[in-house]
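Here is the structure we will look at, set down as structure tokens.
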Amino acid sequence: QVQLVESGGGLVQAGGSLRLSCAASARTFSSYAMGWFRQAPGKDREFVAHISSSGTSTYYAGSVKGRFTISRDNAKNTVYLQMNSLKPEDTAVYYCAADPLSGLIGIPRWDPKQFDYWGQGTQVTVSS
């Protein structure tokens, strides 16, 4: 069983920055592709960013491209999401998720249903 624990959320003014972290318990973390998703009240969970198992490939939703950066440190079993130039519409609960199959086959995926393991989420609130 893989446990994922997010941290780093909080309240920030528009234009500010936050860095989210997701610590994984799995010894096989380095073989998993990882993703960040978010869910605002009354909305479906949506894809934010994806990183390959090695960290060499990254993908972003159009709404965050150029503002958010996903990265990982496999030695620390941790994936990060650096969020800059935050906007009120970025307000949501942010989740990290692990996709072992994507890590194995090397094909990125962004459908939440395809991710096997999820953290509990961390709240990000951006005030205007």
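So you can find residues: chains in the structure tokens are A, B, ... in the order shown, residues in each start at 1, and ligands are numbered from 1 in order.
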
Within 9 Å of region 26-30 of chain A, which residues of region 60-91 of chain A show up? Give each one with its shortest atom-to-atom distance in Å (one decimal) and the two atoms involved, counting only C-alpha atoms, rows by chain then rising residue number, as a Markdown table.
```
| residue | atom | partner | partner_atom | distance |
| --- | --- | --- | --- | --- |
| A:Asp73 | CA | A:Ser30 | CA | 8.7 |
| A:Asn74 | CA | A:Ser30 | CA | 5.4 |
| A:Ala75 | CA | A:Ser30 | CA | 8.2 |
| A:Asn77 | CA | A:Phe29 | CA | 6.0 |
| A:Thr78 | CA | A:Phe29 | CA | 8.4 |
```

Exercise for the section: Please return as a PyMOL selection string: the residues of region 9-69 of chain A that backbone DSSP assigns to strand (DSSP E). Expected result: chain A and resi 10-13+18-24+33-39+46-51+58-60+68-69

Residues from last step as file, N, CA, C and O atoms, as a CSV table (one decimal), in the first residue's frame:
```csv
chain,number,residue,atom,x,y,z
A,10,GLY,N,-2.1,26.6,1.9
A,10,GLY,CA,-2.3,27.8,2.8
A,10,GLY,C,-3.1,28.9,2.1
A,10,GLY,O,-3.6,28.7,1.0
A,11,LEU,N,-3.1,30.0,2.7
A,11,LEU,CA,-3.8,31.2,2.2
A,11,LEU,C,-2.7,32.2,1.7
A,11,LEU,O,-1.7,32.5,2.4
A,12,VAL,N,-2.9,32.6,0.5
A,12,VAL,CA,-1.9,33.5,-0.2
A,12,VAL,C,-2.7,34.6,-1.0
A,12,VAL,O,-3.8,34.3,-1.5
A,13,GLN,N,-2.1,35.7,-1.1
A,13,GLN,CA,-2.7,36.8,-2.0
A,13,GLN,C,-2.5,36.5,-3.4
A,13,GLN,O,-1.5,35.8,-3.8
A,18,LEU,N,3.3,29.5,-3.7
A,18,LEU,CA,3.3,28.5,-2.7
A,18,LEU,C,4.0,27.3,-3.3
A,18,LEU,O,4.1,27.1,-4.5
A,19,ARG,N,4.6,26.5,-2.4
A,19,ARG,CA,5.3,25.2,-2.9
A,19,ARG,C,4.6,24.1,-2.1
A,19,ARG,O,4.7,24.0,-0.9
A,20,LEU,N,4.0,23.2,-2.9
A,20,LEU,CA,3.4,22.0,-2.3
A,20,LEU,C,4.4,20.8,-2.4
A,20,LEU,O,5.2,20.7,-3.3
A,21,SER,N,4.3,20.0,-1.3
A,21,SER,CA,5.1,18.8,-1.3
A,21,SER,C,4.2,17.6,-1.1
A,21,SER,O,3.2,17.7,-0.5
A,22,CYS,N,4.7,16.5,-1.6
A,22,CYS,CA,4.0,15.2,-1.5
A,22,CYS,C,5.0,14.1,-1.2
A,22,CYS,O,5.8,13.8,-2.0
A,23,ALA,N,4.9,13.6,0.0
A,23,ALA,CA,5.9,12.6,0.5
A,23,ALA,C,5.2,11.2,0.3
A,23,ALA,O,4.1,11.0,0.7
A,24,ALA,N,6.0,10.3,-0.3
A,24,ALA,CA,5.4,9.0,-0.5
A,24,ALA,C,6.1,7.9,0.4
A,24,ALA,O,7.3,8.0,0.6
A,33,ALA,N,5.1,7.2,-12.1
A,33,ALA,CA,4.7,8.6,-12.6
A,33,ALA,C,3.8,9.2,-11.5
A,33,ALA,O,3.1,8.5,-10.8
A,34,MET,N,3.9,10.5,-11.4
A,34,MET,CA,3.2,11.2,-10.4
A,34,MET,C,2.4,12.4,-11.0
A,34,MET,O,2.8,13.0,-12.0
A,35,GLY,N,1.3,12.7,-10.4
A,35,GLY,CA,0.5,13.8,-10.9
A,35,GLY,C,0.0,14.7,-9.7
A,35,GLY,O,-0.1,14.2,-8.6
A,36,TRP,N,-0.3,15.9,-10.1
A,36,TRP,CA,-1.0,16.8,-9.2
A,36,TRP,C,-2.4,17.1,-9.8
A,36,TRP,O,-2.5,17.3,-11.0
A,37,PHE,N,-3.4,17.1,-9.0
A,37,PHE,CA,-4.8,17.4,-9.4
A,37,PHE,C,-5.3,18.4,-8.4
A,37,PHE,O,-4.8,18.6,-7.3
A,38,ARG,N,-6.4,19.0,-8.8
A,38,ARG,CA,-7.1,19.9,-7.8
A,38,ARG,C,-8.6,19.8,-8.0
A,38,ARG,O,-9.1,19.4,-9.1
A,39,GLN,N,-9.3,20.2,-6.9
A,39,GLN,CA,-10.8,20.2,-7.0
A,39,GLN,C,-11.3,21.4,-6.2
A,39,GLN,O,-11.0,21.5,-5.0
A,46,GLU,N,-9.6,18.0,-11.4
A,46,GLU,CA,-9.0,18.3,-12.7
A,46,GLU,C,-7.5,18.1,-12.6
A,46,GLU,O,-6.9,18.4,-11.6
A,47,PHE,N,-7.0,17.7,-13.7
A,47,PHE,CA,-5.5,17.5,-13.9
A,47,PHE,C,-4.8,18.9,-13.8
A,47,PHE,O,-5.3,19.9,-14.4
A,48,VAL,N,-3.7,18.9,-13.1
A,48,VAL,CA,-2.8,20.1,-13.0
A,48,VAL,C,-1.5,19.8,-13.7
A,48,VAL,O,-1.1,20.6,-14.6
A,49,ALA,N,-0.8,18.8,-13.3
A,49,ALA,CA,0.6,18.5,-13.8
A,49,ALA,C,0.9,17.1,-13.6
A,49,ALA,O,0.4,16.4,-12.7
A,50,HIS,N,1.9,16.6,-14.5
A,50,HIS,CA,2.3,15.2,-14.5
A,50,HIS,C,3.8,15.2,-14.6
A,50,HIS,O,4.4,16.0,-15.4
A,51,ILE,N,4.5,14.3,-14.0
A,51,ILE,CA,5.9,14.1,-14.1
A,51,ILE,C,6.2,12.6,-14.3
A,51,ILE,O,5.6,11.8,-13.6
A,58,THR,N,7.7,16.4,-18.2
A,58,THR,CA,6.6,17.0,-17.5
A,58,THR,C,5.5,17.5,-18.4
A,58,THR,O,5.8,17.8,-19.6
A,59,TYR,N,4.3,17.5,-17.9
A,59,TYR,CA,3.1,18.0,-18.6
A,59,TYR,C,2.3,18.8,-17.7
A,59,TYR,O,2.2,18.6,-16.5
A,60,TYR,N,1.6,19.8,-18.3
A,60,TYR,CA,0.8,20.8,-17.6
A,60,TYR,C,-0.5,21.0,-18.2
A,60,TYR,O,-0.7,21.0,-19.4
A,68,PHE,N,3.1,27.2,-13.0
A,68,PHE,CA,3.4,26.1,-12.1
A,68,PHE,C,4.5,25.2,-12.6
A,68,PHE,O,4.7,25.0,-13.8
A,69,THR,N,5.3,24.6,-11.7
A,69,THR,CA,6.4,23.7,-12.0
A,69,THR,C,6.3,22.5,-11.2
A,69,THR,O,6.3,22.6,-9.9
```

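Nearest to Ile70 (chain A) of all the residues A:Cys96, A:Val2, A:Val124, A:Leu86 is A:Cys96, based on only C-alpha atoms.
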
Practice task
For CA of Ser52 (chain A) and CA of Gln120 (chain A), determine how far apart the two atoms are, in Å to one decimal place.
Solution key: 21.5 Å

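Secondary structure by DSSP on the backbone puts the following residues of region 44-124 of chain A in helix (DSSP H, G or I): Pro88, Glu89, Asp90, Pro100, Leu101, Ser102, Gly103, Leu104, Ile105, Pro112, Lys113 and Gln114 of chain A.
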
Could those residues be written to a file, using N, CA and C atoms, as a PDB file, in the first residue's frame?
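result18.pdb written:
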```pdb
ATOM      1  N   PRO A  88      -6.983  33.865  -7.981  1.00  0.00           N
ATOM      2  CA  PRO A  88      -8.105  33.369  -7.177  1.00  0.00           C
ATOM      3  C   PRO A  88      -8.702  32.074  -7.736  1.00  0.00           C
ATOM      4  N   GLU A  89      -8.687  31.916  -9.039  1.00  0.00           N
ATOM      5  CA  GLU A  89      -9.258  30.707  -9.637  1.00  0.00           C
ATOM      6  C   GLU A  89      -8.401  29.466  -9.412  1.00  0.00           C
ATOM      7  N   ASP A  90      -7.223  29.619  -8.826  1.00  0.00           N
ATOM      8  CA  ASP A  90      -6.404  28.471  -8.439  1.00  0.00           C
ATOM      9  C   ASP A  90      -6.845  27.892  -7.085  1.00  0.00           C
ATOM     10  N   PRO A 100       1.473   3.956 -11.109  1.00  0.00           N
ATOM     11  CA  PRO A 100       2.548   2.979 -11.362  1.00  0.00           C
ATOM     12  C   PRO A 100       2.606   2.523 -12.818  1.00  0.00           C
ATOM     13  N   LEU A 101       1.448   2.354 -13.452  1.00  0.00           N
ATOM     14  CA  LEU A 101       1.441   1.848 -14.817  1.00  0.00           C
ATOM     15  C   LEU A 101       2.074   2.846 -15.781  1.00  0.00           C
ATOM     16  N   SER A 102       1.749   4.102 -15.602  1.00  0.00           N
ATOM     17  CA  SER A 102       2.335   5.130 -16.457  1.00  0.00           C
ATOM     18  C   SER A 102       3.849   5.159 -16.293  1.00  0.00           C
ATOM     19  N   GLY A 103       4.296   4.962 -15.058  1.00  0.00           N
ATOM     20  CA  GLY A 103       5.734   4.930 -14.821  1.00  0.00           C
ATOM     21  C   GLY A 103       6.393   3.756 -15.524  1.00  0.00           C
ATOM     22  N   LEU A 104       5.655   2.643 -15.610  1.00  0.00           N
ATOM     23  CA  LEU A 104       6.201   1.425 -16.211  1.00  0.00           C
ATOM     24  C   LEU A 104       6.249   1.530 -17.721  1.00  0.00           C
ATOM     25  N   ILE A 105       5.189   2.034 -18.331  1.00  0.00           N
ATOM     26  CA  ILE A 105       5.100   2.041 -19.798  1.00  0.00           C
ATOM     27  C   ILE A 105       5.614   3.343 -20.407  1.00  0.00           C
ATOM     28  N   PRO A 112      -7.969  11.210 -13.776  1.00  0.00           N
ATOM     29  CA  PRO A 112      -7.841  10.836 -12.358  1.00  0.00           C
ATOM     30  C   PRO A 112      -8.167   9.361 -12.102  1.00  0.00           C
ATOM     31  N   LYS A 113      -9.052   8.786 -12.904  1.00  0.00           N
ATOM     32  CA  LYS A 113      -9.454   7.395 -12.688  1.00  0.00           C
ATOM     33  C   LYS A 113      -8.297   6.430 -12.927  1.00  0.00           C
ATOM     34  N   GLN A 114      -7.265   6.890 -13.623  1.00  0.00           N
ATOM     35  CA  GLN A 114      -6.147   6.011 -13.961  1.00  0.00           C
ATOM     36  C   GLN A 114      -5.041   6.038 -12.900  1.00  0.00           C
TER      37      GLN A 114
END
```

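Among the candidates A:Gly106, A:Thr91, A:Ser54, A:Ser7, the one nearest to Thr122 (chain A) when counting only C-alpha atoms is A:Ser7.
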
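Atom to atom, CA of Pro41 (chain A) and CA of Gly119 (chain A) stand 17.8 Å apart.
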
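If you look at CA of Val5 (chain A) and CA of Thr125 (chain A), they are 18.6 Å away from each other.
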
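If only C-alpha atoms are the atoms counted, then among A:Tyr117, A:Tyr32, A:Trp110, A:Tyr94 the closest residue to Gln3 (chain A) is A:Tyr117.
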